[in-house]
Amino acid sequence: MATLMIQGTTSDAGKSTVVAGLCRVLARRGVSVAPFKPQNMALNSAVTADGGEIGRSTALQALAAGVEAHSDMNPVLLKPESDRGAQVILRGRVHGHMDALDYHAYKREAKATVLAAWEALSARFDVIIAEGAGSPAEINLRANDIANMGFAEPVDCPVILVGDIDRGGVFAQLVGTLELLSESERARTRGFIINRFRGDLALLQPGLDWLEAHTAKPVLGTLPYLQGLLLDAEDSLGLSGRQVGEPALRVAVPALPRISNHNDFDPLRLHPRVELTFVGSDQAMPPADLILLPGSKSTRRDLAWLRAQGWEGAIRRHLRYGGRVLGICGGFQMLGQAIHDPEGHDGSPGTTQGLGLLEFETRMGAAKQLRNVSGRLLPEGVPIAGYEIHHGFSAGPALARPFCELAGRPEGAISEDGRVMGTYLHGLFDTAESCAALLGRCGLDENDTAVDLAAHRQAELERLADALEQHLDMAAIERLLGL
């Protein structure tokens with residue numbers, strides 16, 4: 001077993017992308033490889049083969065490696081519920097809720113969970129490509145660290161540091177980060193990767209030469225800016241799309257403060273005939289054929305935000321003029337008559353009145369539904385598949401008109417006129433058939449072919465791996481892994 005860790009000078013420096021690319025490169029070479037992220041903070045998550053929950057980017061890296069996602073690959077997942085608190089998931093299961101200070105103290109215990117998961121994963125794979133979080137130079141978080149060097153030191157693995165040149169100041173990023181590490185941490189940092197470079201490499205070469213001379217560490221590669229690369233993100237909304245010409249369908253999504261699993265909308269971002277718009281604070285809702293209410297990690301508080309932004313009235317006007325509304329997970333719960341939370345699982349105990357667009361009520365509970373599911377969309381009968389990650393149970397007359405059937409059970413709801421729809425199912429647009437059927441309900445011509453997201457992911461991973469093969473010193477990386 002060998003472990004290599006990819007750390008970054010900042011969040012979004014490219015750690016997740018490099019790990020995914022390395023997993024695919026090594027898998028193509030016949031290496032038994034798995035990703036590992038000791039600690040992740042993200043609201044985009046996935047259900048694993050063992051029925052646990054991990055960060056969405058780690059699940060994508062498992063796909064890149066050609067293996068099933070497992071809860072051991074991301075043993076600590078933090079799902080923010082407010083600016084100061086988060087739900088803590090350990091090895092795929094809810095451990096509890098903690099504020100930032102309590103969790104900072106708890107990290108001593110969490111380290112044992114991280115190391116146990118790493119050992120279990122190491123017993124099943126020959127190579128582990130680990131990913132750090134944020135930056136190893138965050139001085140205020142160094143005590144009890146489990147995300148970066150606090151993992152690399154006890155397992156004694158080499159580290160490669162990634163910097164993002166597209167942000168500017170990449171040499172300051174790399175040298176400054178190295179300067180703030182301890183002597184042993186600097187020694188285990190074995191080289192650099194510069195990410196998202198645009199232009200003529202000859203113009204960058206004097207800087208690379210200086211960096212190697214100044215630090216006595218090699219630059220293991222300069223990765224180009226891969227225009228239009230769209231892979232499952234940890235959290236950033238990634239608003240880029242691939243619309244061609246005049247849109248045939250306009251879709252609006254409120255950018256909720258605690259929006260979760262917004263990767264549900266990646267197939268719509270990629271659809272050449274769909275204009276997808278995320279609407280932020282104090283922005284007017286644009287003209288739309290379909291309003292999508294996304295998942296939320298704090299449904300009641302995000303519903304209050306929605307009302308404060310004027311969305312309730314805008315949604316009712318939208319429906320009066322013939323538009324459609326689809327709520328997913330927390331967005332589905334918002335469509336009902338009330339959300340009851342007597343024990344405070346979704347914030348302060350109490351009840352919040354829903355939008356009242358579908359006749360059902362939701363009661364929050366401690367248990368969390370985690371499952372991968374498949375079935376058929378109703379009434380079309382086309383195949384549909386995805387996953388459920390939610391607290392709460394919904395009941396009421398509206399559920400007698402289900403949105404779909406999953407494993408033989410009715411799920412979700414549709415209004416009598418078909419204009420209001422809701423479901424707990426994430427990933428409902430991922431398959432081309434279900435995406436085409438749902439967009440067809442909203443007026444998109446059946447000849448406007450939907451995106452096959454599974455095929456798109458594989459093509460993007462191959463494109464990424466090709467770039468790494470061309471621009472990284474893979475021989476040096478294989479030597480670090482003892483291959």
# chains A, B, ... in the order shown; residues from 1 in each chain; ligands from 1
>>> residues_around(residues="range 8-19 of chain A", least_positions_apart="4", cutoff="8 Å", atoms="only C-alpha atoms", output="PyMOL selection string")
chain A and resi 23+35+57-58+61+129-137+161-164+173-174+177+195
>>> closest_atom_pairs(of="range 169-226 of chain A", to="range 462-470 of chain A", cutoff="12 Å", atoms="only C-alpha atoms", output="CSV")
residue,atom,partner,partner_atom,distance
A:Ile193,CA,A:Leu468,CA,10.5
A:Ile194,CA,A:Leu468,CA,11.6
A:Asn195,CA,A:Leu468,CA,10.6
A:Arg196,CA,A:Ala467,CA,11.3
A:Leu220,CA,A:Leu468,CA,10.5
A:Gly221,CA,A:Leu468,CA,8.4
A:Thr222,CA,A:Leu468,CA,9.1
A:Leu223,CA,A:Leu468,CA,7.0
A:Pro224,CA,A:Ala467,CA,7.7
A:Tyr225,CA,A:Ala467,CA,9.9
A:Leu226,CA,A:Leu464,CA,8.0
>>> closest_residue(among="A:Glu478, A:Asp166, A:Glu212, A:Glu68", to="Val127 in chain A", atoms="only C-alpha atoms")
A:Glu478
>>> closest_residue(among="A:Asp72, A:Glu109, A:Asp145, A:Glu359", to="Leu121 in chain A", atoms="only C-alpha atoms")
A:Asp72
>>> residues_around(residues="Gln309 in chain A", least_positions_apart="4", cutoff="10 Å", atoms="only C-alpha atoms", output="list in words")
Pro254, Gly280, Ser281, Asp282, Gln283, Ala284, Met285, Leu303, Ala304, Trp305, Gly313 and Ala314 of chain A
>>> atom_distance(atom1="CA of Arg84 in chain A", atom2="CA of Arg301 in chain A")
14.5 Å
>>> residues_around(residues="Gly55 in chain A", least_positions_apart="5", cutoff="12 Å", atoms="only C-alpha atoms", output="PyMOL selection string")
chain A and resi 16+35-48+60-62+69-79+89-92+131+133+232-235+260-261+263
>>> residues_around(residues="range 354-356 of chain A", least_positions_apart="4", cutoff="10 Å", atoms="only C-alpha atoms", output="number ranges by chain")
A: 300, 303-304, 307, 312-313, 315-316, 332-340, 360-362
>>> residues_around(residues="Leu249 in chain A", least_positions_apart="4", cutoff="10 Å", atoms="only C-alpha atoms", output="ChimeraX atom specification")
/A:268,271-276,288-290,439-440,442-445
>>> write_last_selection(atoms="N, CA and C atoms", output="compact mmCIF listing (two decimals), in the first residue's frame")
# COMPACT_ATOMS: atom_id res chain seq x y z
N LEU A 268 -28.82 20.28 -16.73
CA LEU A 268 -29.48 21.46 -17.31
C LEU A 268 -28.45 22.51 -17.68
N HIS A 271 -27.22 21.39 -21.04
CA HIS A 271 -28.18 21.25 -22.12
C HIS A 271 -28.08 22.46 -23.06
N PRO A 272 -27.87 22.25 -24.34
CA PRO A 272 -27.66 23.38 -25.26
C PRO A 272 -28.89 24.24 -25.48
N ARG A 273 -30.07 23.76 -25.09
CA ARG A 273 -31.30 24.51 -25.33
C ARG A 273 -31.95 25.01 -24.05
N VAL A 274 -31.22 24.88 -22.93
CA VAL A 274 -31.75 25.32 -21.64
C VAL A 274 -30.91 26.47 -21.10
N GLU A 275 -31.56 27.52 -20.64
CA GLU A 275 -30.89 28.62 -19.96
C GLU A 275 -31.17 28.49 -18.47
N LEU A 276 -30.14 28.11 -17.71
CA LEU A 276 -30.28 27.91 -16.27
C LEU A 276 -29.71 29.11 -15.54
N ALA A 288 -39.16 32.90 -16.62
CA ALA A 288 -38.81 31.48 -16.59
C ALA A 288 -40.01 30.62 -16.97
N ASP A 289 -39.71 29.48 -17.56
CA ASP A 289 -40.73 28.47 -17.82
C ASP A 289 -40.86 27.52 -16.63
N LEU A 290 -39.74 27.32 -15.93
CA LEU A 290 -39.70 26.38 -14.82
C LEU A 290 -38.91 26.99 -13.67
N LEU A 439 -38.36 17.79 -18.98
CA LEU A 439 -38.30 19.04 -19.72
C LEU A 439 -39.39 19.12 -20.78
N GLY A 440 -39.79 17.96 -21.28
CA GLY A 440 -40.90 17.93 -22.23
C GLY A 440 -42.20 18.40 -21.61
N CYS A 442 -42.44 20.73 -19.65
CA CYS A 442 -42.34 22.19 -19.56
C CYS A 442 -42.30 22.85 -20.93
N GLY A 443 -42.43 22.05 -21.99
CA GLY A 443 -42.53 22.63 -23.33
C GLY A 443 -41.33 22.45 -24.21
N LEU A 444 -40.29 21.78 -23.74
CA LEU A 444 -39.12 21.58 -24.58
C LEU A 444 -39.43 20.51 -25.62
N ASP A 445 -39.09 20.78 -26.85
CA ASP A 445 -39.39 19.85 -27.93
C ASP A 445 -38.65 18.53 -27.73
>>> closest_residue(among="A:Ala187, A:Leu208, A:Leu26, A:Val251", to="Val159 in chain A", atoms="only C-alpha atoms")
A:Ala187
>>> residues_around(residues="Glu411 in chain A", least_positions_apart="6", cutoff="12 Å", atoms="only C-alpha atoms", output="PDB file with N, CA and C atoms, in the first residue's frame")
ATOM      1  N   ILE A 328     -37.196  19.831  -5.087  1.00  0.00           N
ATOM      2  CA  ILE A 328     -36.401  18.631  -4.855  1.00  0.00           C
ATOM      3  C   ILE A 328     -35.952  18.604  -3.403  1.00  0.00           C
ATOM      4  N   CYS A 329     -36.248  17.527  -2.709  1.00  0.00           N
ATOM      5  CA  CYS A 329     -35.827  17.299  -1.324  1.00  0.00           C
ATOM      6  C   CYS A 329     -36.327  18.433  -0.420  1.00  0.00           C
ATOM      7  N   PHE A 332     -38.959  20.320  -2.058  1.00  0.00           N
ATOM      8  CA  PHE A 332     -40.230  19.598  -2.015  1.00  0.00           C
ATOM      9  C   PHE A 332     -40.952  19.869  -0.704  1.00  0.00           C
ATOM     10  N   VAL A 373     -31.650   4.675  -5.368  1.00  0.00           N
ATOM     11  CA  VAL A 373     -32.948   4.138  -5.771  1.00  0.00           C
ATOM     12  C   VAL A 373     -33.120   4.248  -7.284  1.00  0.00           C
ATOM     13  N   SER A 374     -34.035   3.445  -7.801  1.00  0.00           N
ATOM     14  CA  SER A 374     -34.406   3.521  -9.209  1.00  0.00           C
ATOM     15  C   SER A 374     -35.859   3.109  -9.358  1.00  0.00           C
ATOM     16  N   GLY A 375     -36.458   3.488 -10.464  1.00  0.00           N
ATOM     17  CA  GLY A 375     -37.860   3.172 -10.706  1.00  0.00           C
ATOM     18  C   GLY A 375     -38.305   3.776 -12.013  1.00  0.00           C
ATOM     19  N   ARG A 376     -39.504   4.356 -12.004  1.00  0.00           N
ATOM     20  CA  ARG A 376     -40.023   4.947 -13.236  1.00  0.00           C
ATOM     21  C   ARG A 376     -40.744   6.251 -12.933  1.00  0.00           C
ATOM     22  N   LEU A 377     -40.614   7.179 -13.857  1.00  0.00           N
ATOM     23  CA  LEU A 377     -41.281   8.473 -13.767  1.00  0.00           C
ATOM     24  C   LEU A 377     -42.751   8.306 -14.127  1.00  0.00           C
ATOM     25  N   LEU A 378     -43.633   8.976 -13.377  1.00  0.00           N
ATOM     26  CA  LEU A 378     -45.076   8.889 -13.646  1.00  0.00           C
ATOM     27  C   LEU A 378     -45.586  10.224 -14.175  1.00  0.00           C
ATOM     28  N   ILE A 384     -36.138   6.073 -14.196  1.00  0.00           N
ATOM     29  CA  ILE A 384     -35.569   7.193 -13.441  1.00  0.00           C
ATOM     30  C   ILE A 384     -34.727   6.598 -12.314  1.00  0.00           C
ATOM     31  N   GLU A 388     -31.566   9.316  -2.352  1.00  0.00           N
ATOM     32  CA  GLU A 388     -32.269  10.098  -1.336  1.00  0.00           C
ATOM     33  C   GLU A 388     -31.317  10.386  -0.183  1.00  0.00           C
ATOM     34  N   PHE A 393     -40.315  13.203   7.206  1.00  0.00           N
ATOM     35  CA  PHE A 393     -41.291  12.312   6.583  1.00  0.00           C
ATOM     36  C   PHE A 393     -42.496  13.146   6.191  1.00  0.00           C
ATOM     37  N   SER A 394     -42.932  12.996   4.939  1.00  0.00           N
ATOM     38  CA  SER A 394     -44.049  13.790   4.432  1.00  0.00           C
ATOM     39  C   SER A 394     -45.278  12.910   4.254  1.00  0.00           C
ATOM     40  N   ALA A 395     -46.459  13.470   4.571  1.00  0.00           N
ATOM     41  CA  ALA A 395     -47.714  12.728   4.434  1.00  0.00           C
ATOM     42  C   ALA A 395     -48.842  13.702   4.130  1.00  0.00           C
ATOM     43  N   ALA A 398     -51.871  14.944  -1.187  1.00  0.00           N
ATOM     44  CA  ALA A 398     -51.146  15.199  -2.443  1.00  0.00           C
ATOM     45  C   ALA A 398     -50.293  14.014  -2.865  1.00  0.00           C
ATOM     46  N   LEU A 399     -49.842  13.216  -1.897  1.00  0.00           N
ATOM     47  CA  LEU A 399     -48.968  12.090  -2.221  1.00  0.00           C
ATOM     48  C   LEU A 399     -49.720  10.946  -2.892  1.00  0.00           C
ATOM     49  N   ALA A 400     -51.049  11.063  -2.976  1.00  0.00           N
ATOM     50  CA  ALA A 400     -51.835  10.076  -3.723  1.00  0.00           C
ATOM     51  C   ALA A 400     -51.646  10.251  -5.228  1.00  0.00           C
ATOM     52  N   ARG A 401     -51.087  11.393  -5.648  1.00  0.00           N
ATOM     53  CA  ARG A 401     -50.725  11.626  -7.051  1.00  0.00           C
ATOM     54  C   ARG A 401     -49.198  11.684  -7.123  1.00  0.00           C
ATOM     55  N   PRO A 402     -48.518  10.525  -7.137  1.00  0.00           N
ATOM     56  CA  PRO A 402     -47.056  10.503  -6.991  1.00  0.00           C
ATOM     57  C   PRO A 402     -46.322  11.025  -8.210  1.00  0.00           C
ATOM     58  N   PHE A 403     -45.136  11.527  -7.964  1.00  0.00           N
ATOM     59  CA  PHE A 403     -44.232  12.010  -9.003  1.00  0.00           C
ATOM     60  C   PHE A 403     -43.578  10.837  -9.738  1.00  0.00           C
ATOM     61  N   CYS A 404     -43.238   9.805  -8.978  1.00  0.00           N
ATOM     62  CA  CYS A 404     -42.582   8.644  -9.561  1.00  0.00           C
ATOM     63  C   CYS A 404     -42.856   7.425  -8.710  1.00  0.00           C
ATOM     64  N   GLU A 405     -42.377   6.294  -9.161  1.00  0.00           N
ATOM     65  CA  GLU A 405     -42.459   5.041  -8.413  1.00  0.00           C
ATOM     66  C   GLU A 405     -41.047   4.517  -8.259  1.00  0.00           C
ATOM     67  N   MET A 421     -44.793  20.166  -8.908  1.00  0.00           N
ATOM     68  CA  MET A 421     -44.255  18.822  -8.720  1.00  0.00           C
ATOM     69  C   MET A 421     -43.237  18.841  -7.592  1.00  0.00           C
ATOM     70  N   GLY A 422     -43.122  17.723  -6.891  1.00  0.00           N
ATOM     71  CA  GLY A 422     -42.135  17.624  -5.827  1.00  0.00           C
ATOM     72  C   GLY A 422     -41.677  16.199  -5.613  1.00  0.00           C
ATOM     73  N   THR A 423     -40.412  16.042  -5.212  1.00  0.00           N
ATOM     74  CA  THR A 423     -39.835  14.719  -4.999  1.00  0.00           C
ATOM     75  C   THR A 423     -38.651  14.809  -4.049  1.00  0.00           C
ATOM     76  N   TYR A 424     -38.373  13.712  -3.332  1.00  0.00           N
ATOM     77  CA  TYR A 424     -37.168  13.618  -2.529  1.00  0.00           C
ATOM     78  C   TYR A 424     -35.977  13.115  -3.357  1.00  0.00           C
ATOM     79  N   LEU A 425     -36.200  12.775  -4.611  1.00  0.00           N
ATOM     80  CA  LEU A 425     -35.181  12.130  -5.426  1.00  0.00           C
ATOM     81  C   LEU A 425     -34.163  13.127  -5.967  1.00  0.00           C
TER      82      LEU A 425
END
>>> closest_residue(among="A:Arg124, A:Arg441, A:His95, A:Lys111", to="Ala34 in chain A", atoms="only C-alpha atoms")
A:Arg124
>>> closest_residue(among="A:Leu115, A:Ala248, A:Val219, A:Ala455", to="Ala476 in chain A", atoms="only C-alpha atoms")
A:Val219
>>> select_by_dssp(residues="range 215-405 of chain A", states="strand (DSSP E or B)", output="ChimeraX atom specification")
/A:219-224,249-254,259-260,274-279,290-293,295-296,324-328,338-341,350-353,361-377,383-395,404-405
>>> write_last_selection(atoms="C-alpha atoms", output="tab-separated table (two decimals), in the first residue's frame")
chain	number	residue	atom	x	y	z
A	219	VAL	CA	7.66	21.60	-10.27
A	220	LEU	CA	6.00	18.33	-11.24
A	221	GLY	CA	3.87	19.92	-13.92
A	222	THR	CA	1.88	22.89	-15.14
A	223	LEU	CA	-1.71	21.99	-15.98
A	224	PRO	CA	-3.53	24.00	-18.64
A	249	LEU	CA	-36.52	26.65	-22.05
A	250	ARG	CA	-35.68	29.06	-19.23
A	251	VAL	CA	-35.09	27.65	-15.76
A	252	ALA	CA	-34.66	29.72	-12.57
A	253	VAL	CA	-33.22	28.39	-9.31
A	254	PRO	CA	-33.08	30.39	-6.06
A	259	ILE	CA	-28.37	25.05	-0.95
A	260	SER	CA	-27.38	21.38	-1.12
A	274	VAL	CA	-31.75	25.32	-21.64
A	275	GLU	CA	-30.89	28.62	-19.96
A	276	LEU	CA	-30.28	27.91	-16.27
A	277	THR	CA	-30.08	30.90	-13.93
A	278	PHE	CA	-29.22	30.84	-10.22
A	279	VAL	CA	-30.89	33.83	-8.57
A	290	LEU	CA	-39.70	26.38	-14.82
A	291	ILE	CA	-38.75	27.30	-11.24
A	292	LEU	CA	-36.67	24.69	-9.45
A	293	LEU	CA	-36.59	24.76	-5.64
A	295	GLY	CA	-32.32	20.90	-1.73
A	296	SER	CA	-31.42	22.64	1.51
A	324	ARG	CA	-44.26	25.20	-13.59
A	325	VAL	CA	-42.53	24.58	-10.26
A	326	LEU	CA	-40.51	21.53	-9.21
A	327	GLY	CA	-39.19	21.10	-5.68
A	328	ILE	CA	-36.40	18.63	-4.85
A	338	ALA	CA	-46.28	22.98	7.00
A	339	ILE	CA	-42.89	21.77	8.24
A	340	HIS	CA	-43.05	20.56	11.84
A	341	ASP	CA	-39.82	20.29	13.83
A	350	GLY	CA	-41.19	24.90	16.00
A	351	THR	CA	-43.39	24.83	12.92
A	352	THR	CA	-43.00	26.79	9.70
A	353	GLN	CA	-45.87	27.27	7.31
A	361	GLU	CA	-47.14	18.23	5.74
A	362	THR	CA	-43.62	17.26	6.77
A	363	ARG	CA	-42.36	16.27	10.19
A	364	MET	CA	-38.62	16.42	10.81
A	365	GLY	CA	-36.93	13.58	12.69
A	366	ALA	CA	-33.52	12.38	13.82
A	367	ALA	CA	-33.37	9.50	11.33
A	368	LYS	CA	-31.80	10.23	7.96
A	369	GLN	CA	-32.84	8.48	4.76
A	370	LEU	CA	-29.79	7.39	2.75
A	371	ARG	CA	-30.37	5.18	-0.28
A	372	ASN	CA	-29.67	4.79	-3.96
A	373	VAL	CA	-32.95	4.14	-5.77
A	374	SER	CA	-34.41	3.52	-9.21
A	375	GLY	CA	-37.86	3.17	-10.71
A	376	ARG	CA	-40.02	4.95	-13.24
A	377	LEU	CA	-41.28	8.47	-13.77
A	383	PRO	CA	-36.80	4.85	-16.17
A	384	ILE	CA	-35.57	7.19	-13.44
A	385	ALA	CA	-32.74	6.74	-10.92
A	386	GLY	CA	-30.98	8.72	-8.23
A	387	TYR	CA	-30.55	8.86	-4.49
A	388	GLU	CA	-32.27	10.10	-1.34
A	389	ILE	CA	-30.52	12.06	1.42
A	390	HIS	CA	-32.97	13.74	3.77
A	391	HIS	CA	-34.43	14.13	7.22
A	392	GLY	CA	-38.19	14.22	7.61
A	393	PHE	CA	-41.29	12.31	6.58
A	394	SER	CA	-44.05	13.79	4.43
A	395	ALA	CA	-47.71	12.73	4.43
A	404	CYS	CA	-42.58	8.64	-9.56
A	405	GLU	CA	-42.46	5.04	-8.41
